Amino acid sequence: KIELGLIEHTLLPSLPSSFSLSSLSLSPSSIIGLGALASLTTYWLVTRPRPIQPPCDLQAQSISVQGDQSCRRSALLKDDDLLEFYYEDTKTVYDMFQRGLRIAGNGPCLGFRKPGEPYQWISYTEVAERAQVLGSGLLAKGCKPNPKQYVGIFAQNRPEWVITEMACYTFSMALVPLYDTLGLEAMVHILNLAEISMVICDKEDKAESVLKIKEKGVTTGVPPGPPKPQDLAVVCFTSGTTGKPKGAMITHGNIASNTSSVIKILEVKDVSISYLPLAHMFERMIQVSMFCHGARVGFYQGDISLLMDDIKTLKPTFFPVVPRLLNRIYDKILGSVTSPLRRIILHYAVRRKQAELSSGVVRNNSMWDRLIFNKIQASLGGNLRFILTASAPISPTVLSFLRATLGCLIFEGYGQTECTAGCTFSMPGDWSAGLCSCLNFQHHYSSLQCHVILQKSSFSEQIAQMYSKSSI
């Protein structure tokens with residue numbers, strides 16, 4: 001005890017007899033400072049960026065089917081049963097639009113604009129009414145209300161394209177899109193092969209006949225005859241690699257299944273820009289996804305040189321793209337930075353944003369966004385939340401750069417017309433780049449929930465063995 005007392009006396013300083021806790025009282029300025037520090041700490045904890053959590057193990061995005069490692073399905077599925085319909089009341093394209101009609105009613109559906117003017121909108125109710133009137137007119141002109149009745153459409157993206165499509169589906173007719181790049185000989189082949197007697201065009205010499213059809217449709221008042229999931233929806237002709245164009249016969253169930261798989265990953269409910277050809281299934285799948293949720297689709301003016309002006313005016317939240325367009329955006333951003341100092345600052349800011357991406361954080365409100373990237377984001381409307389790139393591989397350098405500068409989710413997809421649209425899709429939370437094109441289904445870029453993929457020794461065999469609910 002004597003030794004412990006000596007140690008305490010030596011090591012511990014003696015306190016005055018008048019000492020008490022009350023003597024530690026802080027000055028008002030110190031209390032204010034501590035309060036401000038506590039408030040800032042609380043604000044940071046509440047508003048700090050949080051990483052996006054992947055819905056599955058990113059190193060096991062696909063699972064073998066019945067133990068067969070060469071046959072794989074999406075890890076998002078509970079079992080080997082493929083996803084057919086996301087909503088039980090949406091088993092056809094007609095059903096999906098009707099669901100959007102119930103949600104939005106008189107809300108905006110299809111947008112268009114004239115040069116220098118804001119977008120004008122056609123409501124869901126008006127689209128449905130116009131579709132029924134036009135469909136009735138087609139029946140009055142001799143078309144039959146069944147899936148064996150093929151109606152051609154030869155037009156650029158515009159509201160009337162969708163109205164014509166819905167007019168066909170209202171009476172269970174099948175649509176056959178035509179487009180310029182097919183060439184005259186190929187279009188004659190398609191018209192003869194499908195025995196198409198009715199083609200709706202956007203040319204002036206065909207406009208009068210379409211108006212006459214519409215007038216007759218008002219008087220007929222034929223009730224709708226919606227299609228079934230197994231009914232043919234569209235014959236999508238692709239140029240192919242050899243010979244004449246081949247027509248992929250796609251049912252309503254195929255489209256509903258493929259769209260359901262995309263909706264399961266991305267529930268896009270705001271506004272999209274339509275400029276990719278509606279004659280191809282990629283753009284059609286995007287639009288059906290939008291219509292199913294009562295969202296808006298704004299069409300470009302038909303001139304690709306005015307696309308960026310349309311985007312700035314529309315302010316889309318969802319932007320479907322092809323790699324070629326993203327490459328142009330990338331080149332334009334780098335080309336606009338001429339000063340060596342600014343280029344250094346740009347690349348440093350990109351590296352800082354990419355560091356956040358590697359930890360799963362995607363945002364557009366960081367210091368670098370406010371100081372450097374806000375003008376880039378404003379050039380695309382400033383509201384982008386999703387970008388989906390498909391149709392071809394994209395450079396990992398370009399993809400990583402744009403994910404940093406645009407501050408939104410950019411997904412990669414791969415597909416083919418014979419599988420309706422999408423086959424594989426990058427997973428939310430997986431921000432690696434350049435893996436979708438190599439089709440490594442075991443670890444990266446899971447197949448959509450409507451597909452089972454058989455891996456073969458060669459690329460061509462692998463592509464040929466894609467079985468799905470959305471394959472024809």
# chains A, B, ... in the order shown; residues from 1 in each chain; ligands from 1

call {"tool": "residues_around", "arguments": {"residues": "Asn365 in chain A", "least_positions_apart": "2", "cutoff": "12 Å", "atoms": "only C-alpha atoms", "output": "VMD selection string"}}
result
chain A and resid 47 to 49 353 361 to 363 367 to 374 377 382 to 383 404 to 408

call {"tool": "write_last_selection", "arguments": {"atoms": "N, CA, C and O atoms", "output": "compact mmCIF listing (two decimals), in the first residue's frame"}}
result
# COMPACT_ATOMS: atom_id res chain seq x y z
N THR A 47 -26.69 12.62 -45.14
CA THR A 47 -26.64 12.90 -46.58
C THR A 47 -25.45 12.25 -47.27
O THR A 47 -25.31 12.39 -48.49
N ARG A 48 -24.60 11.55 -46.55
CA ARG A 48 -23.41 10.98 -47.18
C ARG A 48 -23.82 9.99 -48.28
O ARG A 48 -24.84 9.31 -48.17
N PRO A 49 -23.06 9.93 -49.36
CA PRO A 49 -23.42 9.02 -50.46
C PRO A 49 -23.34 7.56 -50.02
O PRO A 49 -22.40 7.16 -49.34
N LYS A 353 -14.21 10.76 -59.26
CA LYS A 353 -15.55 10.19 -59.42
C LYS A 353 -15.48 8.68 -59.67
O LYS A 353 -16.33 7.92 -59.19
N VAL A 361 -20.74 4.00 -55.39
CA VAL A 361 -21.45 5.27 -55.24
C VAL A 361 -21.64 5.93 -56.60
O VAL A 361 -20.68 6.18 -57.33
N VAL A 362 -22.90 6.20 -56.97
CA VAL A 362 -23.23 6.89 -58.21
C VAL A 362 -24.04 8.12 -57.84
O VAL A 362 -25.12 8.01 -57.26
N ARG A 363 -23.54 9.31 -58.16
CA ARG A 363 -24.26 10.54 -57.81
C ARG A 363 -23.85 11.67 -58.75
O ARG A 363 -22.84 11.58 -59.45
N MET A 367 -18.81 17.60 -55.16
CA MET A 367 -18.10 18.85 -55.42
C MET A 367 -17.64 18.91 -56.88
O MET A 367 -17.73 19.96 -57.54
N TRP A 368 -17.19 17.77 -57.43
CA TRP A 368 -16.71 17.74 -58.80
C TRP A 368 -17.87 17.95 -59.78
O TRP A 368 -17.68 18.58 -60.84
N ASP A 369 -19.03 17.46 -59.44
CA ASP A 369 -20.19 17.69 -60.31
C ASP A 369 -20.54 19.17 -60.36
O ASP A 369 -20.84 19.72 -61.42
N ARG A 370 -20.53 19.80 -59.19
CA ARG A 370 -20.91 21.22 -59.13
C ARG A 370 -19.88 22.11 -59.83
O ARG A 370 -20.24 23.11 -60.46
N LEU A 371 -18.60 21.76 -59.72
CA LEU A 371 -17.54 22.61 -60.26
C LEU A 371 -17.23 22.33 -61.72
O LEU A 371 -16.90 23.25 -62.47
N ILE A 372 -17.33 21.07 -62.15
CA ILE A 372 -16.80 20.69 -63.45
C ILE A 372 -17.84 20.05 -64.37
O ILE A 372 -17.94 20.40 -65.54
N PHE A 373 -18.62 19.13 -63.83
CA PHE A 373 -19.46 18.30 -64.70
C PHE A 373 -20.88 18.81 -64.90
O PHE A 373 -21.64 18.24 -65.68
N ASN A 374 -21.26 19.89 -64.19
CA ASN A 374 -22.66 20.33 -64.28
C ASN A 374 -23.05 20.77 -65.69
O ASN A 374 -24.16 20.53 -66.15
N GLN A 377 -23.65 17.65 -67.82
CA GLN A 377 -24.94 17.04 -67.47
C GLN A 377 -26.10 17.88 -67.97
O GLN A 377 -27.12 17.33 -68.42
N GLY A 382 -30.00 17.49 -67.80
CA GLY A 382 -29.77 17.66 -66.36
C GLY A 382 -30.57 16.75 -65.45
O GLY A 382 -30.42 16.82 -64.23
N ASN A 383 -31.41 15.87 -66.02
CA ASN A 383 -32.27 15.01 -65.19
C ASN A 383 -32.01 13.52 -65.38
O ASN A 383 -32.76 12.70 -64.87
N ALA A 404 -18.59 8.61 -64.87
CA ALA A 404 -18.09 9.62 -63.92
C ALA A 404 -18.65 11.00 -64.23
O ALA A 404 -19.13 11.71 -63.35
N THR A 405 -18.61 11.40 -65.51
CA THR A 405 -18.97 12.77 -65.86
C THR A 405 -20.49 13.00 -65.85
O THR A 405 -20.95 14.09 -65.48
N LEU A 406 -21.27 12.00 -66.25
CA LEU A 406 -22.72 12.18 -66.33
C LEU A 406 -23.41 11.93 -65.00
O LEU A 406 -24.56 12.35 -64.80
N GLY A 407 -22.77 11.21 -64.09
CA GLY A 407 -23.33 11.03 -62.75
C GLY A 407 -24.64 10.28 -62.72
O GLY A 407 -25.50 10.57 -61.89
N CYS A 408 -24.83 9.31 -63.62
CA CYS A 408 -26.06 8.52 -63.63
C CYS A 408 -25.71 7.06 -63.88
O CYS A 408 -24.57 6.72 -64.20

call {"tool": "select_by_dssp", "arguments": {"residues": "range 330-451 of chain A", "states": "strand (DSSP E)", "output": "list of chain:residue names"}}
result
A:Phe386, A:Ile387, A:Leu388, A:Thr389, A:Leu409, A:Ile410, A:Phe411, A:Glu412, A:Gly413, A:Tyr414, A:Gly415, A:Gly422, A:Cys423, A:Thr424, A:Phe425, A:His451

call {"tool": "closest_residue", "arguments": {"among": "A:Ile286, A:Cys201, A:Ala75, A:Ala421", "to": "Ile387 in chain A", "atoms": "only C-alpha atoms"}}
result
A:Ile286

call {"tool": "residues_around", "arguments": {"residues": "Gly135 in chain A", "least_positions_apart": "6", "cutoff": "8 Å", "atoms": "only C-alpha atoms", "output": "JSON, numbers by chain"}}
result
{"A": [164, 167, 168, 170, 171, 217]}

call {"tool": "write_last_selection", "arguments": {"atoms": "N, CA, C and O atoms", "output": "mmCIF file, in the first residue's frame"}}
result
data_model
loop_
_atom_site.group_PDB
_atom_site.id
_atom_site.type_symbol
_atom_site.label_atom_id
_atom_site.label_comp_id
_atom_site.auth_asym_id
_atom_site.auth_seq_id
_atom_site.Cartn_x
_atom_site.Cartn_y
_atom_site.Cartn_z
ATOM 1 N N THR A 164 -50.503 3.905 -84.567
ATOM 2 C CA THR A 164 -50.754 2.854 -85.553
ATOM 3 C C THR A 164 -50.501 1.475 -84.951
ATOM 4 O O THR A 164 -51.293 0.536 -85.164
ATOM 5 N N ALA A 167 -53.286 0.661 -82.707
ATOM 6 C CA ALA A 167 -54.492 0.400 -83.493
ATOM 7 C C ALA A 167 -54.522 -1.056 -83.955
ATOM 8 O O ALA A 167 -55.568 -1.720 -83.913
ATOM 9 N N CYS A 168 -53.361 -1.548 -84.370
ATOM 10 C CA CYS A 168 -53.273 -2.956 -84.786
ATOM 11 C C CYS A 168 -53.531 -3.882 -83.605
ATOM 12 O O CYS A 168 -54.305 -4.843 -83.702
ATOM 13 N N THR A 170 -55.107 -3.302 -80.870
ATOM 14 C CA THR A 170 -56.475 -3.193 -80.353
ATOM 15 C C THR A 170 -57.396 -4.222 -81.009
ATOM 16 O O THR A 170 -58.370 -4.675 -80.402
ATOM 17 N N PHE A 171 -57.046 -4.588 -82.238
ATOM 18 C CA PHE A 171 -57.867 -5.561 -82.967
ATOM 19 C C PHE A 171 -57.063 -6.803 -83.366
ATOM 20 O O PHE A 171 -57.374 -7.459 -84.354
ATOM 21 N N GLY A 217 -63.420 5.354 -89.654
ATOM 22 C CA GLY A 217 -63.350 4.679 -88.362
ATOM 23 C C GLY A 217 -64.279 5.295 -87.342
ATOM 24 O O GLY A 217 -64.792 4.600 -86.473
#

call {"tool": "residues_around", "arguments": {"residues": "range 246-250 of chain A", "least_positions_apart": "6", "cutoff": "7 Å", "atoms": "only C-alpha atoms", "output": "MDAnalysis selection string"}}
result
chainID A and resid 232:240 417:418 420 472

call {"tool": "write_last_selection", "arguments": {"atoms": "C-alpha atoms", "output": "compact mmCIF listing (two decimals), in the first residue's frame"}}
result
# COMPACT_ATOMS: atom_id res chain seq x y z
CA LEU A 232 -48.35 -12.69 -83.30
CA ALA A 233 -47.52 -9.05 -82.51
CA VAL A 234 -44.85 -8.05 -85.03
CA VAL A 235 -42.80 -9.44 -87.86
CA CYS A 236 -39.44 -7.71 -87.45
CA PHE A 237 -37.30 -8.01 -90.57
CA THR A 238 -33.54 -7.83 -90.12
CA SER A 239 -31.04 -7.34 -92.91
CA GLY A 240 -29.08 -10.43 -91.85
CA THR A 417 -34.07 -9.68 -82.65
CA GLU A 418 -34.80 -13.42 -82.41
CA THR A 420 -37.21 -10.09 -78.89
CA ILE A 472 -39.36 -17.03 -81.09

call {"tool": "atom_distance", "arguments": {"atom1": "CA of Ala155 in chain A", "atom2": "CA of Asp202 in chain A"}}
result
5.1 Å

call {"tool": "atom_distance", "arguments": {"atom1": "CA of Gly243 in chain A", "atom2": "CA of Ala186 in chain A"}}
result
10.0 Å

call {"tool": "residues_around", "arguments": {"residues": "Met308 in chain A", "least_positions_apart": "3", "cutoff": "9 Å", "atoms": "only C-alpha atoms", "output": "number ranges by chain"}}
result
A: 304-305, 311-313, 379-381

call {"tool": "write_last_selection", "arguments": {"atoms": "all heavy atoms", "output": "tab-separated table (two decimals), in the first residue's frame"}}
result
chain	number	residue	atom	x	y	z
A	304	ILE	N	-31.48	14.15	-86.90
A	304	ILE	CA	-30.52	13.72	-85.88
A	304	ILE	C	-29.59	14.85	-85.47
A	304	ILE	O	-29.06	14.85	-84.35
A	304	ILE	CB	-29.70	12.51	-86.40
A	304	ILE	CG1	-29.06	11.75	-85.23
A	304	ILE	CG2	-28.68	12.93	-87.42
A	304	ILE	CD1	-30.04	11.08	-84.31
A	305	SER	N	-29.40	15.85	-86.35
A	305	SER	CA	-28.54	16.99	-85.99
A	305	SER	C	-29.18	17.87	-84.92
A	305	SER	O	-28.49	18.66	-84.27
A	305	SER	CB	-28.22	17.83	-87.23
A	305	SER	OG	-29.40	18.45	-87.74
A	311	ILE	N	-33.11	16.89	-76.63
A	311	ILE	CA	-32.82	16.33	-75.30
A	311	ILE	C	-32.80	17.43	-74.25
A	311	ILE	O	-33.37	17.28	-73.16
A	311	ILE	CB	-31.48	15.56	-75.33
A	311	ILE	CG1	-31.61	14.30	-76.18
A	311	ILE	CG2	-31.03	15.20	-73.91
A	311	ILE	CD1	-30.31	13.57	-76.40
A	312	LYS	N	-32.16	18.56	-74.57
A	312	LYS	CA	-32.12	19.67	-73.61
A	312	LYS	C	-33.52	20.20	-73.31
A	312	LYS	O	-33.81	20.61	-72.19
A	312	LYS	CB	-31.24	20.79	-74.16
A	312	LYS	CG	-29.75	20.47	-74.15
A	312	LYS	CD	-28.92	21.58	-74.74
A	312	LYS	CE	-28.93	22.80	-73.87
A	312	LYS	NZ	-28.01	23.86	-74.37
A	313	THR	N	-34.39	20.17	-74.31
A	313	THR	CA	-35.76	20.66	-74.12
A	313	THR	C	-36.61	19.65	-73.35
A	313	THR	O	-37.37	20.02	-72.45
A	313	THR	CB	-36.40	20.96	-75.48
A	313	THR	OG1	-35.59	21.88	-76.21
A	313	THR	CG2	-37.80	21.54	-75.31
A	379	SER	N	-26.17	19.63	-70.65
A	379	SER	CA	-26.31	19.48	-72.11
A	379	SER	C	-27.18	18.30	-72.47
A	379	SER	O	-27.68	18.21	-73.60
A	379	SER	CB	-24.92	19.31	-72.74
A	379	SER	OG	-24.34	18.07	-72.37
A	380	LEU	N	-27.40	17.37	-71.52
A	380	LEU	CA	-28.29	16.23	-71.73
A	380	LEU	C	-29.58	16.38	-70.92
A	380	LEU	O	-30.23	15.39	-70.61
A	380	LEU	CB	-27.58	14.93	-71.37
A	380	LEU	CG	-26.40	14.54	-72.28
A	380	LEU	CD1	-25.69	13.31	-71.74
A	380	LEU	CD2	-26.87	14.30	-73.70
A	381	GLY	N	-29.91	17.61	-70.58
A	381	GLY	CA	-31.16	17.90	-69.89
A	381	GLY	C	-31.04	18.06	-68.40
A	381	GLY	O	-31.91	18.66	-67.77

call {"tool": "select_by_dssp", "arguments": {"residues": "range 117-259 of chain A", "states": "alpha helix (DSSP H)", "output": "MDAnalysis selection string"}}
result
chainID A and resid 124:140 159:170 184:193 204:220 252:259

call {"tool": "atom_distance", "arguments": {"atom1": "CA of Gly298 in chain A", "atom2": "CA of Leu110 in chain A"}}
result
5.8 Å

call {"tool": "residues_around", "arguments": {"residues": "Asn327 in chain A", "least_positions_apart": "5", "cutoff": "10 Å", "atoms": "only C-alpha atoms", "output": "JSON, numbers by chain"}}
result
{"A": [322, 332, 333, 394, 395, 398, 399, 402]}

call {"tool": "write_last_selection", "arguments": {"atoms": "C-alpha atoms", "output": "CSV table (one decimal), in the first residue's frame"}}
result
chain,number,residue,atom,x,y,z
A,322,VAL,CA,-25.9,3.1,-79.0
A,332,LYS,CA,-17.0,16.3,-77.8
A,333,ILE,CA,-16.2,16.6,-74.1
A,394,ILE,CA,-18.6,0.0,-76.0
A,395,SER,CA,-15.1,0.9,-75.1
A,398,VAL,CA,-15.5,5.6,-72.8
A,399,LEU,CA,-18.0,3.9,-70.5
A,402,LEU,CA,-19.1,8.9,-69.0

call {"tool": "closest_residue", "arguments": {"among": "A:Ser366, A:Gln61, A:Ser172, A:Ser426", "to": "Lys148 in chain A", "atoms": "only C-alpha atoms"}}
result
A:Ser172

call {"tool": "closest_residue", "arguments": {"among": "A:Ala378, A:Val133, A:Ile410, A:Val93", "to": "Ser432 in chain A", "atoms": "only C-alpha atoms"}}
result
A:Ile410

call {"tool": "residues_around", "arguments": {"residues": "Met285 in chain A", "least_positions_apart": "6", "cutoff": "10 Å", "atoms": "only C-alpha atoms", "output": "ChimeraX atom specification"}}
result
/A:93,255-256,258-260,262,278,420-422

call {"tool": "closest_residue", "arguments": {"among": "A:Ala433, A:Ile376, A:Leu325, A:Leu266", "to": "Leu346 in chain A", "atoms": "only C-alpha atoms"}}
result
A:Ile376

call {"tool": "decode", "arguments": {"residues": "range 230-255 of chain A", "atoms": "N, CA, C and O atoms", "output": "PDB file, in the first residue's frame"}}
result
ATOM      1  N   GLN A 230     -50.159 -15.619 -76.968  1.00  0.00           N
ATOM      2  CA  GLN A 230     -49.574 -16.445 -78.021  1.00  0.00           C
ATOM      3  C   GLN A 230     -49.794 -15.881 -79.420  1.00  0.00           C
ATOM      4  O   GLN A 230     -49.263 -16.411 -80.402  1.00  0.00           O
ATOM      5  N   ASP A 231     -50.537 -14.770 -79.530  1.00  0.00           N
ATOM      6  CA  ASP A 231     -50.803 -14.176 -80.836  1.00  0.00           C
ATOM      7  C   ASP A 231     -49.593 -13.415 -81.355  1.00  0.00           C
ATOM      8  O   ASP A 231     -48.841 -12.802 -80.588  1.00  0.00           O
ATOM      9  N   LEU A 232     -49.445 -13.411 -82.663  1.00  0.00           N
ATOM     10  CA  LEU A 232     -48.348 -12.690 -83.300  1.00  0.00           C
ATOM     11  C   LEU A 232     -48.535 -11.181 -83.118  1.00  0.00           C
ATOM     12  O   LEU A 232     -49.622 -10.653 -83.340  1.00  0.00           O
ATOM     13  N   ALA A 233     -47.465 -10.495 -82.714  1.00  0.00           N
ATOM     14  CA  ALA A 233     -47.521  -9.048 -82.515  1.00  0.00           C
ATOM     15  C   ALA A 233     -46.829  -8.295 -83.633  1.00  0.00           C
ATOM     16  O   ALA A 233     -47.325  -7.283 -84.122  1.00  0.00           O
ATOM     17  N   VAL A 234     -45.651  -8.777 -84.035  1.00  0.00           N
ATOM     18  CA  VAL A 234     -44.853  -8.049 -85.026  1.00  0.00           C
ATOM     19  C   VAL A 234     -43.977  -9.026 -85.786  1.00  0.00           C
ATOM     20  O   VAL A 234     -43.518 -10.030 -85.236  1.00  0.00           O
ATOM     21  N   VAL A 235     -43.796  -8.729 -87.059  1.00  0.00           N
ATOM     22  CA  VAL A 235     -42.801  -9.442 -87.860  1.00  0.00           C
ATOM     23  C   VAL A 235     -41.674  -8.444 -88.102  1.00  0.00           C
ATOM     24  O   VAL A 235     -41.836  -7.484 -88.864  1.00  0.00           O
ATOM     25  N   CYS A 236     -40.557  -8.656 -87.411  1.00  0.00           N
ATOM     26  CA  CYS A 236     -39.444  -7.705 -87.448  1.00  0.00           C
ATOM     27  C   CYS A 236     -38.384  -8.230 -88.416  1.00  0.00           C
ATOM     28  O   CYS A 236     -37.695  -9.220 -88.129  1.00  0.00           O
ATOM     29  N   PHE A 237     -38.264  -7.578 -89.555  1.00  0.00           N
ATOM     30  CA  PHE A 237     -37.297  -8.008 -90.567  1.00  0.00           C
ATOM     31  C   PHE A 237     -35.928  -7.410 -90.276  1.00  0.00           C
ATOM     32  O   PHE A 237     -35.796  -6.218 -90.009  1.00  0.00           O
ATOM     33  N   THR A 238     -34.928  -8.264 -90.311  1.00  0.00           N
ATOM     34  CA  THR A 238     -33.543  -7.825 -90.122  1.00  0.00           C
ATOM     35  C   THR A 238     -32.787  -8.074 -91.409  1.00  0.00           C
ATOM     36  O   THR A 238     -33.091  -9.009 -92.164  1.00  0.00           O
ATOM     37  N   SER A 239     -31.789  -7.239 -91.652  1.00  0.00           N
ATOM     38  CA  SER A 239     -31.043  -7.342 -92.907  1.00  0.00           C
ATOM     39  C   SER A 239     -30.277  -8.649 -93.002  1.00  0.00           C
ATOM     40  O   SER A 239     -30.099  -9.211 -94.076  1.00  0.00           O
ATOM     41  N   GLY A 240     -29.824  -9.180 -91.827  1.00  0.00           N
ATOM     42  CA  GLY A 240     -29.079 -10.428 -91.850  1.00  0.00           C
ATOM     43  C   GLY A 240     -27.698 -10.247 -92.445  1.00  0.00           C
ATOM     44  O   GLY A 240     -27.331  -9.163 -92.911  1.00  0.00           O
ATOM     45  N   THR A 241     -26.924 -11.288 -92.435  1.00  0.00           N
ATOM     46  CA  THR A 241     -25.558 -11.214 -92.969  1.00  0.00           C
ATOM     47  C   THR A 241     -25.496 -11.693 -94.416  1.00  0.00           C
ATOM     48  O   THR A 241     -24.612 -11.309 -95.161  1.00  0.00           O
ATOM     49  N   THR A 242     -26.412 -12.550 -94.799  1.00  0.00           N
ATOM     50  CA  THR A 242     -26.422 -13.057 -96.174  1.00  0.00           C
ATOM     51  C   THR A 242     -27.862 -13.118 -96.683  1.00  0.00           C
ATOM     52  O   THR A 242     -28.801 -13.275 -95.912  1.00  0.00           O
ATOM     53  N   GLY A 243     -28.021 -13.001 -97.969  1.00  0.00           N
ATOM     54  CA  GLY A 243     -29.315 -13.195 -98.589  1.00  0.00           C
ATOM     55  C   GLY A 243     -30.298 -12.076 -98.299  1.00  0.00           C
ATOM     56  O   GLY A 243     -29.948 -10.981 -97.864  1.00  0.00           O
ATOM     57  N   LYS A 244     -31.565 -12.395 -98.513  1.00  0.00           N
ATOM     58  CA  LYS A 244     -32.633 -11.422 -98.336  1.00  0.00           C
ATOM     59  C   LYS A 244     -32.993 -11.279 -96.857  1.00  0.00           C
ATOM     60  O   LYS A 244     -32.665 -12.134 -96.044  1.00  0.00           O
ATOM     61  N   PRO A 245     -33.703 -10.186 -96.498  1.00  0.00           N
ATOM     62  CA  PRO A 245     -34.074  -9.976 -95.082  1.00  0.00           C
ATOM     63  C   PRO A 245     -34.902 -11.130 -94.537  1.00  0.00           C
ATOM     64  O   PRO A 245     -35.720 -11.719 -95.239  1.00  0.00           O
ATOM     65  N   LYS A 246     -34.651 -11.458 -93.264  1.00  0.00           N
ATOM     66  CA  LYS A 246     -35.386 -12.512 -92.582  1.00  0.00           C
ATOM     67  C   LYS A 246     -36.336 -11.886 -91.574  1.00  0.00           C
ATOM     68  O   LYS A 246     -35.976 -10.942 -90.870  1.00  0.00           O
ATOM     69  N   GLY A 247     -37.536 -12.404 -91.497  1.00  0.00           N
ATOM     70  CA  GLY A 247     -38.539 -11.846 -90.589  1.00  0.00           C
ATOM     71  C   GLY A 247     -38.655 -12.654 -89.314  1.00  0.00           C
ATOM     72  O   GLY A 247     -38.955 -13.850 -89.346  1.00  0.00           O
ATOM     73  N   ALA A 248     -38.387 -12.028 -88.182  1.00  0.00           N
ATOM     74  CA  ALA A 248     -38.551 -12.665 -86.869  1.00  0.00           C
ATOM     75  C   ALA A 248     -39.998 -12.485 -86.429  1.00  0.00           C
ATOM     76  O   ALA A 248     -40.461 -11.359 -86.252  1.00  0.00           O
ATOM     77  N   MET A 249     -40.705 -13.579 -86.245  1.00  0.00           N
ATOM     78  CA  MET A 249     -42.129 -13.530 -85.876  1.00  0.00           C
ATOM     79  C   MET A 249     -42.242 -13.547 -84.358  1.00  0.00           C
ATOM     80  O   MET A 249     -42.040 -14.573 -83.708  1.00  0.00           O
ATOM     81  N   ILE A 250     -42.565 -12.406 -83.787  1.00  0.00           N
ATOM     82  CA  ILE A 250     -42.521 -12.193 -82.335  1.00  0.00           C
ATOM     83  C   ILE A 250     -43.937 -12.044 -81.803  1.00  0.00           C
ATOM     84  O   ILE A 250     -44.727 -11.245 -82.309  1.00  0.00           O
ATOM     85  N   THR A 251     -44.259 -12.807 -80.768  1.00  0.00           N
ATOM     86  CA  THR A 251     -45.607 -12.784 -80.197  1.00  0.00           C
ATOM     87  C   THR A 251     -45.724 -11.720 -79.098  1.00  0.00           C
ATOM     88  O   THR A 251     -44.722 -11.178 -78.630  1.00  0.00           O
ATOM     89  N   HIS A 252     -46.944 -11.475 -78.688  1.00  0.00           N
ATOM     90  CA  HIS A 252     -47.181 -10.557 -77.567  1.00  0.00           C
ATOM     91  C   HIS A 252     -46.547 -11.095 -76.294  1.00  0.00           C
ATOM     92  O   HIS A 252     -46.001 -10.340 -75.475  1.00  0.00           O
ATOM     93  N   GLY A 253     -46.622 -12.420 -76.099  1.00  0.00           N
ATOM     94  CA  GLY A 253     -45.999 -13.019 -74.921  1.00  0.00           C
ATOM     95  C   GLY A 253     -44.505 -12.855 -74.917  1.00  0.00           C
ATOM     96  O   GLY A 253     -43.898 -12.628 -73.861  1.00  0.00           O
ATOM     97  N   ASN A 254     -43.870 -12.939 -76.095  1.00  0.00           N
ATOM     98  CA  ASN A 254     -42.431 -12.700 -76.188  1.00  0.00           C
ATOM     99  C   ASN A 254     -42.071 -11.295 -75.708  1.00  0.00           C
ATOM    100  O   ASN A 254     -41.151 -11.102 -74.902  1.00  0.00           O
ATOM    101  N   ILE A 255     -42.809 -10.300 -76.212  1.00  0.00           N
ATOM    102  CA  ILE A 255     -42.519  -8.906 -75.854  1.00  0.00           C
ATOM    103  C   ILE A 255     -42.790  -8.657 -74.373  1.00  0.00           C
ATOM    104  O   ILE A 255     -41.989  -8.012 -73.679  1.00  0.00           O
TER     105      ILE A 255
END
